[in-house]
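Text of work.csv (CSV, C-alpha atoms) as supplied:
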```csv
chain,number,residue,atom,x,y,z
B,62,MET,CA,96.5,174.4,121.2
B,63,LYS,CA,96.8,170.8,119.9
B,64,ILE,CA,100.4,171.3,118.9
B,65,LYS,CA,101.3,172.9,122.2
B,66,PHE,CA,99.7,170.0,124.1
B,67,THR,CA,101.7,167.5,121.9
B,68,LEU,CA,105.0,169.3,122.6
B,69,LEU,CA,104.2,169.4,126.4
B,70,PHE,CA,103.5,165.6,126.3
B,71,LEU,CA,106.8,165.0,124.5
B,72,MET,CA,108.8,167.1,127.0
B,73,VAL,CA,107.3,165.1,129.9
B,74,SER,CA,108.0,161.9,128.1
B,75,VAL,CA,111.6,162.9,127.6
B,76,ALA,CA,112.0,163.8,131.2
B,77,LEU,CA,110.7,160.5,132.4
B,78,PHE,CA,112.6,158.1,130.0
B,79,SER,CA,115.7,159.7,128.5
B,80,GLN,CA,119.2,160.0,129.9
B,81,LYS,CA,120.5,163.5,129.4
B,82,VAL,CA,124.2,164.2,129.8
B,83,GLU,CA,125.6,167.7,129.8
B,84,ASP,CA,128.9,167.7,127.9
B,85,LYS,CA,131.4,170.2,126.6
B,86,ILE,CA,134.5,170.6,124.3
B,87,GLN,CA,137.3,173.1,124.6
B,88,SER,CA,137.2,173.8,120.8
B,89,LYS,CA,140.4,174.7,119.0
B,90,LYS,CA,138.4,175.6,115.9
B,91,LEU,CA,136.1,178.0,117.7
B,92,ASN,CA,138.7,179.1,120.3
B,93,GLU,CA,136.1,178.7,123.0
B,94,GLU,CA,134.3,176.2,125.1
B,95,ARG,CA,131.2,174.9,123.5
B,96,ASN,CA,128.4,173.2,125.5
B,97,PHE,CA,126.0,170.6,124.2
B,98,SER,CA,123.7,167.9,125.6
B,99,VAL,CA,123.8,164.2,124.8
B,100,ILE,CA,120.5,162.4,125.1
B,101,LEU,CA,121.2,158.7,125.5
B,102,PRO,CA,118.6,156.0,124.7
B,103,ALA,CA,116.9,154.3,127.6
B,104,SER,CA,118.7,151.0,126.9
B,105,TYR,CA,122.1,152.6,126.8
B,106,GLU,CA,123.3,151.5,130.3
B,107,LYS,CA,121.7,148.1,130.4
B,108,SER,CA,122.9,147.1,126.9
B,109,PRO,CA,126.7,147.7,127.0
B,110,GLU,CA,127.3,145.9,123.7
B,111,LYS,CA,124.7,147.9,121.7
B,112,LYS,CA,125.7,150.7,119.4
B,113,TYR,CA,123.4,153.5,118.1
B,114,PRO,CA,123.0,155.9,115.2
B,115,ILE,CA,123.8,159.6,115.9
B,116,LEU,CA,121.6,162.6,115.4
B,117,VAL,CA,123.4,166.0,115.5
B,118,LEU,CA,120.7,168.5,116.4
B,119,LEU,CA,121.4,172.2,115.7
B,120,ASP,CA,119.3,174.7,117.7
B,121,GLY,CA,119.5,172.0,120.4
B,122,GLU,CA,117.9,174.1,123.2
B,123,TYR,CA,114.4,174.1,121.6
B,124,LEU,CA,114.6,171.1,119.3
B,125,ALA,CA,115.9,168.5,121.7
B,126,ASP,CA,112.6,167.8,123.5
B,127,PRO,CA,110.3,167.4,120.4
B,128,PHE,CA,112.9,165.3,118.6
B,129,SER,CA,113.7,163.0,121.5
B,130,GLY,CA,110.0,162.8,122.4
B,131,ILE,CA,109.0,161.6,119.0
B,132,LEU,CA,111.9,159.1,119.0
B,133,LYS,CA,110.9,157.8,122.4
B,134,TYR,CA,107.3,157.4,121.3
B,135,GLY,CA,108.2,155.6,118.1
B,136,ASN,CA,110.6,153.3,119.9
B,137,TYR,CA,108.0,152.5,122.5
B,138,TRP,CA,105.9,151.0,119.7
B,139,ASP,CA,109.0,149.5,118.0
B,140,ASP,CA,108.4,151.8,115.0
B,141,LEU,CA,111.7,153.7,115.3
B,142,PRO,CA,115.2,152.7,116.5
B,143,GLU,CA,116.9,154.2,119.5
B,144,ILE,CA,119.3,157.0,118.6
B,145,ILE,CA,121.9,159.1,120.4
B,146,ILE,CA,121.0,162.8,120.1
B,147,VAL,CA,123.7,165.4,120.3
B,148,ALA,CA,121.9,168.7,120.9
B,149,VAL,CA,124.2,171.7,120.2
B,150,ASN,CA,123.5,174.8,122.3
B,151,GLN,CA,123.3,177.9,120.0
B,152,ASN,CA,120.5,180.0,121.3
B,153,TYR,CA,122.3,182.7,123.2
B,154,GLY,CA,123.3,186.1,121.9
B,155,GLU,CA,124.1,185.9,118.2
B,156,THR,CA,125.6,182.4,118.4
B,157,ARG,CA,123.3,180.6,116.0
B,158,PHE,CA,123.7,183.3,113.4
B,159,ASN,CA,127.4,183.5,113.8
B,160,ASP,CA,127.6,179.7,113.5
B,161,SER,CA,125.6,179.8,110.3
B,162,ASN,CA,127.6,182.7,108.7
B,163,TYR,CA,128.4,182.5,105.0
B,164,GLY,CA,130.0,184.8,102.4
B,165,GLU,CA,128.8,186.4,99.2
B,166,ASP,CA,129.7,183.3,97.4
B,167,GLY,CA,127.2,181.3,99.4
B,168,LEU,CA,129.8,179.2,101.3
B,169,PRO,CA,130.6,179.1,105.0
B,170,ALA,CA,132.8,182.1,106.0
B,171,GLU,CA,134.6,183.2,109.1
B,172,SER,CA,132.7,182.1,112.2
B,173,GLY,CA,130.5,179.9,110.0
B,174,ALA,CA,133.5,178.1,108.5
B,175,LYS,CA,134.9,177.6,112.0
B,176,PHE,CA,131.7,176.1,113.2
B,177,PHE,CA,131.5,173.9,110.1
B,178,GLU,CA,134.9,172.4,111.0
B,179,PHE,CA,134.0,172.2,114.7
B,180,ILE,CA,131.1,169.8,113.9
B,181,GLY,CA,133.1,167.6,111.5
B,182,PHE,CA,136.5,167.5,113.2
B,183,GLU,CA,135.8,168.0,116.9
B,184,LEU,CA,132.2,167.3,117.9
B,185,LEU,CA,131.7,164.0,115.9
B,186,THR,CA,135.2,162.8,116.9
B,187,HIS,CA,134.4,163.4,120.6
B,188,ILE,CA,131.1,161.7,120.4
B,189,GLN,CA,132.5,158.6,118.6
B,190,GLN,CA,135.3,158.3,121.1
B,191,LYS,CA,133.1,158.7,124.2
B,192,TYR,CA,129.9,157.0,123.3
B,193,ARG,CA,128.9,153.7,121.5
B,194,THR,CA,127.9,154.8,118.0
B,195,LEU,CA,127.2,153.4,114.6
B,196,PRO,CA,128.5,155.0,111.4
B,197,PHE,CA,125.0,156.1,110.4
B,198,ARG,CA,124.8,159.9,111.1
B,199,MET,CA,122.0,162.4,110.8
B,200,ILE,CA,121.8,166.2,111.1
B,201,ALA,CA,118.8,168.4,111.7
B,202,GLY,CA,118.0,172.0,112.1
B,203,HIS,CA,115.3,174.7,111.8
B,204,ASP,CA,115.3,177.9,109.6
B,205,THR,CA,118.9,179.4,109.9
B,206,THR,CA,120.5,176.2,111.0
B,207,ALA,CA,118.4,174.1,108.6
B,208,GLY,CA,120.0,176.1,105.8
B,209,PHE,CA,123.5,175.7,107.3
B,210,LEU,CA,123.4,171.9,107.6
B,211,ASN,CA,123.2,171.7,103.8
B,212,PHE,CA,126.8,172.8,103.5
B,213,TYR,CA,127.8,169.3,104.5
B,214,LEU,CA,126.3,168.0,101.3
B,215,TYR,CA,128.8,170.1,99.3
B,216,LYS,CA,131.6,167.7,100.1
B,217,ASP,CA,132.5,164.9,97.7
B,218,ASP,CA,132.1,162.4,100.6
B,219,PRO,CA,129.5,163.9,103.0
B,220,ILE,CA,130.0,163.0,106.7
B,221,PHE,CA,126.2,162.7,107.2
B,222,ASN,CA,123.9,160.0,105.9
B,223,ALA,CA,120.6,161.8,106.5
B,224,TYR,CA,119.6,165.5,106.4
B,225,ILE,CA,116.5,167.0,108.1
B,226,SER,CA,116.0,170.5,106.8
B,227,ILE,CA,113.0,172.1,108.4
B,228,SER,CA,111.9,175.5,106.9
B,229,PRO,CA,115.4,176.3,105.7
B,230,GLU,CA,116.7,179.8,105.2
B,231,MET,CA,119.1,179.1,102.3
B,232,ALA,CA,122.3,180.7,101.3
B,233,PRO,CA,122.7,182.1,97.7
B,234,GLU,CA,122.4,179.4,95.0
B,235,MET,CA,122.0,176.7,97.7
B,236,GLU,CA,118.9,175.2,96.1
B,237,VAL,CA,120.9,174.8,92.9
B,238,ARG,CA,124.0,173.4,94.6
B,239,ILE,CA,122.0,170.9,96.7
B,240,ALA,CA,120.2,169.5,93.6
B,241,GLU,CA,123.5,169.1,91.8
B,242,ARG,CA,125.1,167.3,94.7
B,243,LEU,CA,122.2,165.0,95.2
B,244,SER,CA,122.3,164.0,91.6
B,245,LYS,CA,125.9,163.0,91.9
B,246,ILE,CA,126.1,161.5,95.4
B,247,GLN,CA,128.0,158.3,95.5
B,248,LYS,CA,126.6,156.8,98.7
B,249,PRO,CA,123.1,156.3,100.0
B,250,VAL,CA,121.7,159.6,101.4
B,251,PHE,CA,118.4,160.6,102.9
B,252,TYR,CA,117.3,164.1,102.3
B,253,TYR,CA,114.2,165.6,103.9
B,254,GLN,CA,112.9,169.1,103.6
B,255,ALA,CA,109.7,170.7,104.8
B,256,THR,CA,107.8,174.0,104.7
B,257,SER,CA,104.2,175.1,105.1
B,258,LYS,CA,101.6,177.1,103.2
B,259,ALA,CA,102.0,179.8,105.9
B,260,ASP,CA,105.8,179.8,106.0
B,261,LEU,CA,108.0,182.7,105.0
B,262,GLU,CA,107.6,183.3,101.2
B,263,GLU,CA,111.3,183.1,100.5
B,264,ILE,CA,111.5,179.7,102.1
B,265,GLN,CA,108.5,178.4,100.2
B,266,VAL,CA,110.0,179.6,96.9
B,267,ASN,CA,113.5,178.2,97.5
B,268,THR,CA,112.4,174.8,98.8
B,269,LYS,CA,110.0,174.5,95.8
B,270,LYS,CA,112.9,175.3,93.4
B,271,LEU,CA,114.9,172.5,95.0
B,272,ASP,CA,112.0,170.1,94.9
B,273,ASP,CA,111.3,170.8,91.2
B,274,VAL,CA,114.7,169.4,90.4
B,275,ALA,CA,115.3,166.9,93.2
B,276,LYS,CA,112.0,164.9,92.7
B,277,ASP,CA,113.2,164.0,89.2
B,278,ILE,CA,116.7,163.0,90.1
B,279,LYS,CA,117.4,159.4,89.0
B,280,ASN,CA,120.3,158.7,91.3
B,281,THR,CA,119.6,155.4,93.1
B,282,ASN,CA,121.6,156.6,96.1
B,283,LEU,CA,119.1,159.3,96.8
B,284,ASN,CA,116.1,158.9,99.1
B,285,TYR,CA,114.2,162.2,98.9
B,286,ARG,CA,111.0,163.6,100.5
B,287,TYR,CA,109.5,167.1,100.5
B,288,ASP,CA,106.5,168.1,102.7
B,289,VAL,CA,104.4,171.2,102.5
B,290,PHE,CA,102.1,171.3,105.5
B,291,GLN,CA,98.8,173.0,105.7
B,292,ASN,CA,97.6,175.2,108.6
B,293,THR,CA,101.0,175.5,110.3
B,294,SER,CA,103.3,178.4,110.8
B,295,HIS,CA,107.0,178.7,110.4
B,296,TYR,CA,107.4,177.4,114.0
B,297,SER,CA,104.5,175.0,114.5
B,298,LEU,CA,105.4,173.0,111.4
B,299,VAL,CA,108.3,171.6,113.4
B,300,ALA,CA,105.9,169.4,115.3
B,301,GLU,CA,104.6,167.8,112.1
B,302,ALA,CA,107.9,167.6,110.3
B,303,ILE,CA,109.8,165.6,112.9
B,304,PRO,CA,107.7,162.4,112.8
B,305,SER,CA,107.4,162.7,109.0
B,306,ALA,CA,111.2,162.9,108.7
B,307,PHE,CA,111.9,160.0,111.0
B,308,TYR,CA,109.3,157.7,109.4
B,309,PHE,CA,110.7,158.6,106.0
B,310,ILE,CA,114.3,157.8,107.0
B,311,PHE,CA,113.4,154.6,108.9
B,312,ASN,CA,110.8,153.4,106.5
B,313,GLY,CA,110.9,149.6,106.6
B,314,TYR,CA,112.1,149.4,110.2
B,315,GLN,CA,108.6,148.9,111.5
B,316,PRO,CA,107.0,145.5,112.2
B,317,ILE,CA,104.8,144.1,109.3
B,318,SER,CA,101.4,145.9,109.5
B,319,LYS,CA,98.1,144.8,108.2
B,320,LEU,CA,98.5,147.3,105.4
B,321,GLU,CA,101.9,146.0,104.4
B,322,PHE,CA,100.6,142.4,104.6
B,323,ASN,CA,97.6,143.1,102.3
B,324,GLU,CA,99.2,145.6,99.9
B,325,LYS,CA,102.7,144.0,99.5
B,326,ILE,CA,103.2,140.6,100.9
B,327,VAL,CA,100.1,138.6,100.1
B,328,LYS,CA,100.1,139.9,96.5
B,329,LEU,CA,103.6,138.5,95.8
B,330,GLU,CA,103.7,135.6,93.3
B,331,SER,CA,106.5,134.0,95.2
B,332,GLY,CA,109.4,134.7,97.6
B,333,TYR,CA,107.4,135.2,100.9
B,334,ALA,CA,110.1,134.0,103.2
B,335,GLN,CA,112.7,135.9,101.2
B,336,TYR,CA,110.7,139.1,101.7
B,337,LEU,CA,111.2,138.7,105.4
B,338,ILE,CA,114.9,138.0,105.1
B,339,ASP,CA,115.3,141.0,102.8
B,340,LYS,CA,113.4,143.3,105.1
B,341,TYR,CA,115.9,142.8,107.9
B,342,ASP,CA,118.9,142.7,105.7
B,343,ASN,CA,117.9,146.1,104.3
B,344,ILE,CA,117.6,147.6,107.8
B,345,GLU,CA,121.2,146.5,108.6
B,346,LYS,CA,122.5,147.8,105.2
B,347,LYS,CA,120.6,151.1,105.6
B,348,ILE,CA,121.6,152.2,109.1
B,349,GLY,CA,124.1,149.5,110.2
B,350,LEU,CA,121.7,148.3,112.9
B,351,LYS,CA,121.2,144.5,113.3
B,352,VAL,CA,117.6,144.0,114.4
B,353,GLN,CA,116.3,140.6,115.5
B,354,PRO,CA,113.3,139.8,113.4
B,355,ARG,CA,110.0,140.1,115.3
B,356,TYR,CA,108.1,136.9,116.0
B,357,SER,CA,104.9,138.6,114.7
B,358,ASP,CA,106.7,139.1,111.3
B,359,PHE,CA,107.3,135.3,111.1
B,360,LYS,CA,103.6,134.7,111.8
B,361,ALA,CA,102.7,137.2,109.0
B,362,ILE,CA,104.8,135.4,106.5
B,363,GLU,CA,103.4,132.1,107.7
B,364,ALA,CA,99.9,133.4,107.0
B,365,ALA,CA,100.9,134.6,103.5
B,366,ILE,CA,102.5,131.2,102.7
B,367,ILE,CA,99.4,129.3,103.7
B,368,LYS,CA,97.1,131.8,101.9
B,369,ASN,CA,99.0,131.4,98.7
B,370,LYS,CA,99.8,127.6,99.1
B,371,ALA,CA,103.5,128.3,98.7
B,372,TYR,CA,104.4,125.5,101.2
B,373,SER,CA,108.0,125.0,100.0
B,374,ASP,CA,108.7,128.5,101.5
B,375,PHE,CA,108.2,126.9,105.0
B,376,GLU,CA,111.6,125.2,104.6
B,377,ILE,CA,113.3,128.6,103.9
B,378,LEU,CA,111.4,130.2,106.7
B,379,GLY,CA,112.3,127.4,109.1
B,380,ALA,CA,116.0,127.7,108.3
B,381,TYR,CA,115.8,131.5,108.9
B,382,ALA,CA,114.0,130.9,112.2
B,383,ASP,CA,116.7,128.5,113.3
B,384,LYS,CA,119.3,131.2,112.6
B,385,GLN,CA,117.5,134.0,114.4
B,386,PHE,CA,115.9,132.0,117.2
B,387,PRO,CA,118.2,128.9,117.5
B,388,LYS,CA,117.0,127.7,120.9
B,389,THR,CA,113.3,128.0,120.2
B,390,MET,CA,110.8,125.7,118.5
B,391,LEU,CA,110.0,128.2,115.8
B,392,GLY,CA,112.1,126.7,113.0
B,393,THR,CA,111.0,123.1,113.8
B,394,TYR,CA,107.4,124.2,113.8
B,395,HIS,CA,107.7,125.7,110.3
B,396,ARG,CA,109.2,122.5,109.0
B,397,GLY,CA,106.4,120.6,110.6
B,398,LEU,CA,103.9,122.8,108.8
B,399,TYR,CA,105.7,122.1,105.5
B,400,PHE,CA,105.3,118.4,105.9
B,401,GLU,CA,101.7,118.7,107.2
B,402,LYS,CA,100.7,120.9,104.2
B,403,ILE,CA,102.1,118.4,101.6
B,404,GLY,CA,100.3,115.6,103.4
B,405,ASP,CA,103.3,113.8,104.9
B,406,TYR,CA,101.7,113.6,108.4
B,407,LYS,CA,104.2,111.1,109.8
B,408,ARG,CA,107.2,113.4,109.3
B,409,ALA,CA,105.1,116.4,110.3
B,410,ALA,CA,104.3,114.8,113.7
B,411,LYS,CA,107.9,113.9,114.1
B,412,GLU,CA,108.9,117.5,113.7
B,413,TYR,CA,106.3,118.7,116.1
B,414,GLN,CA,107.4,116.2,118.7
B,415,SER,CA,111.0,117.2,118.4
B,416,ALA,CA,110.0,120.8,118.9
B,417,TYR,CA,108.9,119.9,122.4
B,418,THR,CA,112.5,119.8,123.6
B,419,LYS,CA,113.0,123.5,122.6
B,420,SER,CA,112.0,126.7,124.2
B,421,GLU,CA,108.5,128.2,123.7
B,422,ILE,CA,108.2,131.4,121.8
B,423,GLY,CA,105.2,133.7,121.4
B,424,ASP,CA,102.0,131.6,121.2
B,425,LEU,CA,104.0,128.5,120.4
B,426,THR,CA,103.7,126.4,123.6
B,427,LYS,CA,104.7,122.9,124.3
B,428,ASN,CA,101.1,121.9,124.8
B,429,TYR,CA,100.1,123.4,121.5
B,430,ILE,CA,102.8,121.7,119.6
B,431,LEU,CA,102.1,118.3,121.2
B,432,ASP,CA,98.4,118.7,120.5
B,433,ARG,CA,99.2,119.4,116.9
B,434,ALA,CA,101.3,116.2,116.6
B,435,GLU,CA,98.6,114.1,118.3
B,436,ALA,CA,96.0,115.4,115.9
B,437,LEU,CA,97.9,114.0,113.0
B,438,LYS,CA,98.2,110.4,114.2
B,439,SER,CA,94.7,109.5,112.9
B,440,ARG,CA,95.1,111.2,109.5
B,441,LYS,CA,96.1,109.2,106.4
B,442,GLU,CA,98.9,110.3,104.1
B,443,GLU,CA,97.6,112.5,101.3
B,444,PRO,CA,100.7,114.0,99.7
B,445,LYS,CA,99.0,115.9,97.0
B,446,GLN,CA,96.0,117.2,98.8
B,447,GLU,CA,95.9,120.5,100.7
B,448,ILE,CA,95.2,119.9,104.4
B,449,GLU,CA,92.9,122.2,106.3
B,450,GLU,CA,94.8,124.2,108.9
B,451,SER,CA,93.9,123.0,112.4
B,452,ALA,CA,94.9,126.3,114.0
B,453,PRO,CA,94.5,129.0,111.3
B,454,VAL,CA,97.0,131.9,111.3
B,455,GLU,CA,95.2,135.2,111.1
B,456,THR,CA,96.2,138.2,109.1
B,457,PRO,CA,98.2,140.6,111.3
B,458,THR,CA,96.1,143.4,112.7
B,459,GLU,CA,98.5,144.9,115.1
B,460,THR,CA,102.2,144.9,115.9
B,461,PRO,CA,103.6,142.6,118.6
B,462,THR,CA,104.3,145.6,120.8
B,463,GLU,CA,100.7,146.8,120.5
B,464,ALA,CA,99.5,143.4,121.7
B,465,GLN,CA,102.0,143.4,124.5
B,466,LYS,CA,100.8,146.8,125.8
B,467,LYS,CA,97.3,145.5,125.9
B,468,ASP,CA,98.3,142.4,127.8
B,469,GLU,CA,100.1,144.6,130.3
```

Output the file's structure in the form of structure tokens.
Amino acid sequence: MKIKFTLLFLMVSVALFSQKVEDKIQSKKLNEERNFSVILPASYEKSPEKKYPILVLLDGEYLADPFSGILKYGNYWDDLPEIIIVAVNQNYGETRFNDSNYGEDGLPAESGAKFFEFIGFELLTHIQQKYRTLPFRMIAGHDTTAGFLNFYLYKDDPIFNAYISISPEMAPEMEVRIAERLSKIQKPVFYYQATSKADLEEIQVNTKKLDDVAKDIKNTNLNYRYDVFQNTSHYSLVAEAIPSAFYFIFNGYQPISKLEFNEKIVKLESGYAQYLIDKYDNIEKKIGLKVQPRYSDFKAIEAAIIKNKAYSDFEILGAYADKQFPKTMLGTYHRGLYFEKIGDYKRAAKEYQSAYTKSEIGDLTKNYILDRAEALKSRKEEPKQEIEESAPVETPTETPTEAQKKDE
């Protein structure tokens, strides 16, 4: 009942927020017209310069709503990026089985070979020409189609960057071939597979065989995860696998949480500002998506610097803030903090006063910055003494989006 309610909520969410476009291709590979749906992010029309990763979704008729619903929910809280979903229609007649056809050698054959080429040569080309896309591509499917999507890994230069294989029905020797390919892959790949304790026995056996090898692969290009869910069937496990797969692939995209702050950042011996820079550089390297650093993440790093008395990091943080928010007072504020913390109050006050001419950001207001400068006028220079923070920065307890939703 809980899973059914969740799926219903996701379907309603999709209907309210997504932009669904019905599209089609007269395929030369398939010698027929093939229909599919393109689900565009909510920001697609109002952000004409923005590009998005692609998710090719097999079994699109019944997987589109739960996949797009989870994406919309995650994006609402700024946990997941917006993605273009291409949902391929296959659930009529014997289409999905014909599309996934393979021969005795365990390779795509006849109608399966044609569909394999349709995806790679026609569908992706059409999507890239018609919509604003990034090079980062994902593919997902369930049971029969989950097994089929693994064929794209057999190529020396796979066309997909991430694979979501939910309860896959595998072709002969597929678990062996996948493991071999993952061990030799020459570019970063995300591979996710899932089953459950109540899944079909053959699926449990084959996914376990693959996991036994894949989990020990030392290839630095491989990002691998295997989930075995409890108390779910072959079908209901989909509702649990989708968010698990997305949060695995986009790990690190989320704003700095209280857990990340306490378990990773504050325990660093040095390099607090660099941690923030690397966080956003890695997002761009991983999915090609340039994300403006969140203001709350700057505040989290500020708190870590103060807690560990690594005041020189404020100069690095200030320079990074100037680059990311050039018209705001954020970078100048951090430089003011640096001089205040080393006891150079005169220069600190000067920085704070110069920040007054710049735009406010977050909780940094003109009144706050002037009050901070005024409070330093009566203080004597104490270069080697730690100065008590006049407005303590708290450890982050929620993301900026969470706070924003509460304010609204």

### Query
Which residues, written as a list in words, have at least one atom at most 9 Å from B:Thr418, with all atoms listed in the file counted and residues fewer than 6 positions away on the same chain left out?
Thr389, Met390 and Lys427 of chain B

Using only C-alpha atoms, which residues of stretch 348-442 of chain B come within 10 Å of stretch 197-204 of chain B, and what is the closest atom pair for each, with the distance in Å to one decimal? Give it as CSV, sorted by chain and residue number.
```
residue,atom,partner,partner_atom,distance
B:Ile348,CA,B:Phe197,CA,5.3
B:Gly349,CA,B:Phe197,CA,6.7
B:Leu350,CA,B:Phe197,CA,8.8
```

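Take the candidates B:Ile225, B:Leu298, B:Ile317, B:Ile239 and check each one against B:Arg286 using all atoms listed in the file; the shortest distance goes to B:Ile225.
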
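Rounded to one decimal, atom CA of B:Gly397 and atom CA of B:Glu412 lie 5.0 Å from each other.
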
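Among the candidates B:Lys340, B:Lys411, B:Lys269, B:Arg193, the residue lying nearest to B:Pro109 is B:Arg193 (atoms considered: only C-alpha atoms).
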
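Picture a line from atom CA of B:Leu425 to atom CA of B:Leu337; it runs 19.5 Å.
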
### Query
Looking at all atoms listed in the file, which of B:Pro102, B:Gly313, B:Gly135, B:Pro219 is the one that sits closest to B:Tyr336?
B:Gly313

### Task
Excluding B:Pro142 and residues on its chain fewer than 5 positions from it, collect all residues at most 8 Å away from it, counting only C-alpha atoms, and give them as an MDAnalysis selection string.
chainID B and resid 132 135:136 314

### Query
In Å, how far is it from atom CA of B:Ile146 to atom CA of B:Val117?
6.1 Å

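Among the candidates B:Arg408, B:Tyr192, B:Phe311, B:Asn159, the one nearest to B:Asn343 when counting all atoms listed in the file is B:Phe311.
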
### Query
Of the residues B:Val237, B:Val352, B:Ala232, B:Leu91, which is the one nearest to B:Glu178, using only C-alpha atoms?
B:Leu91
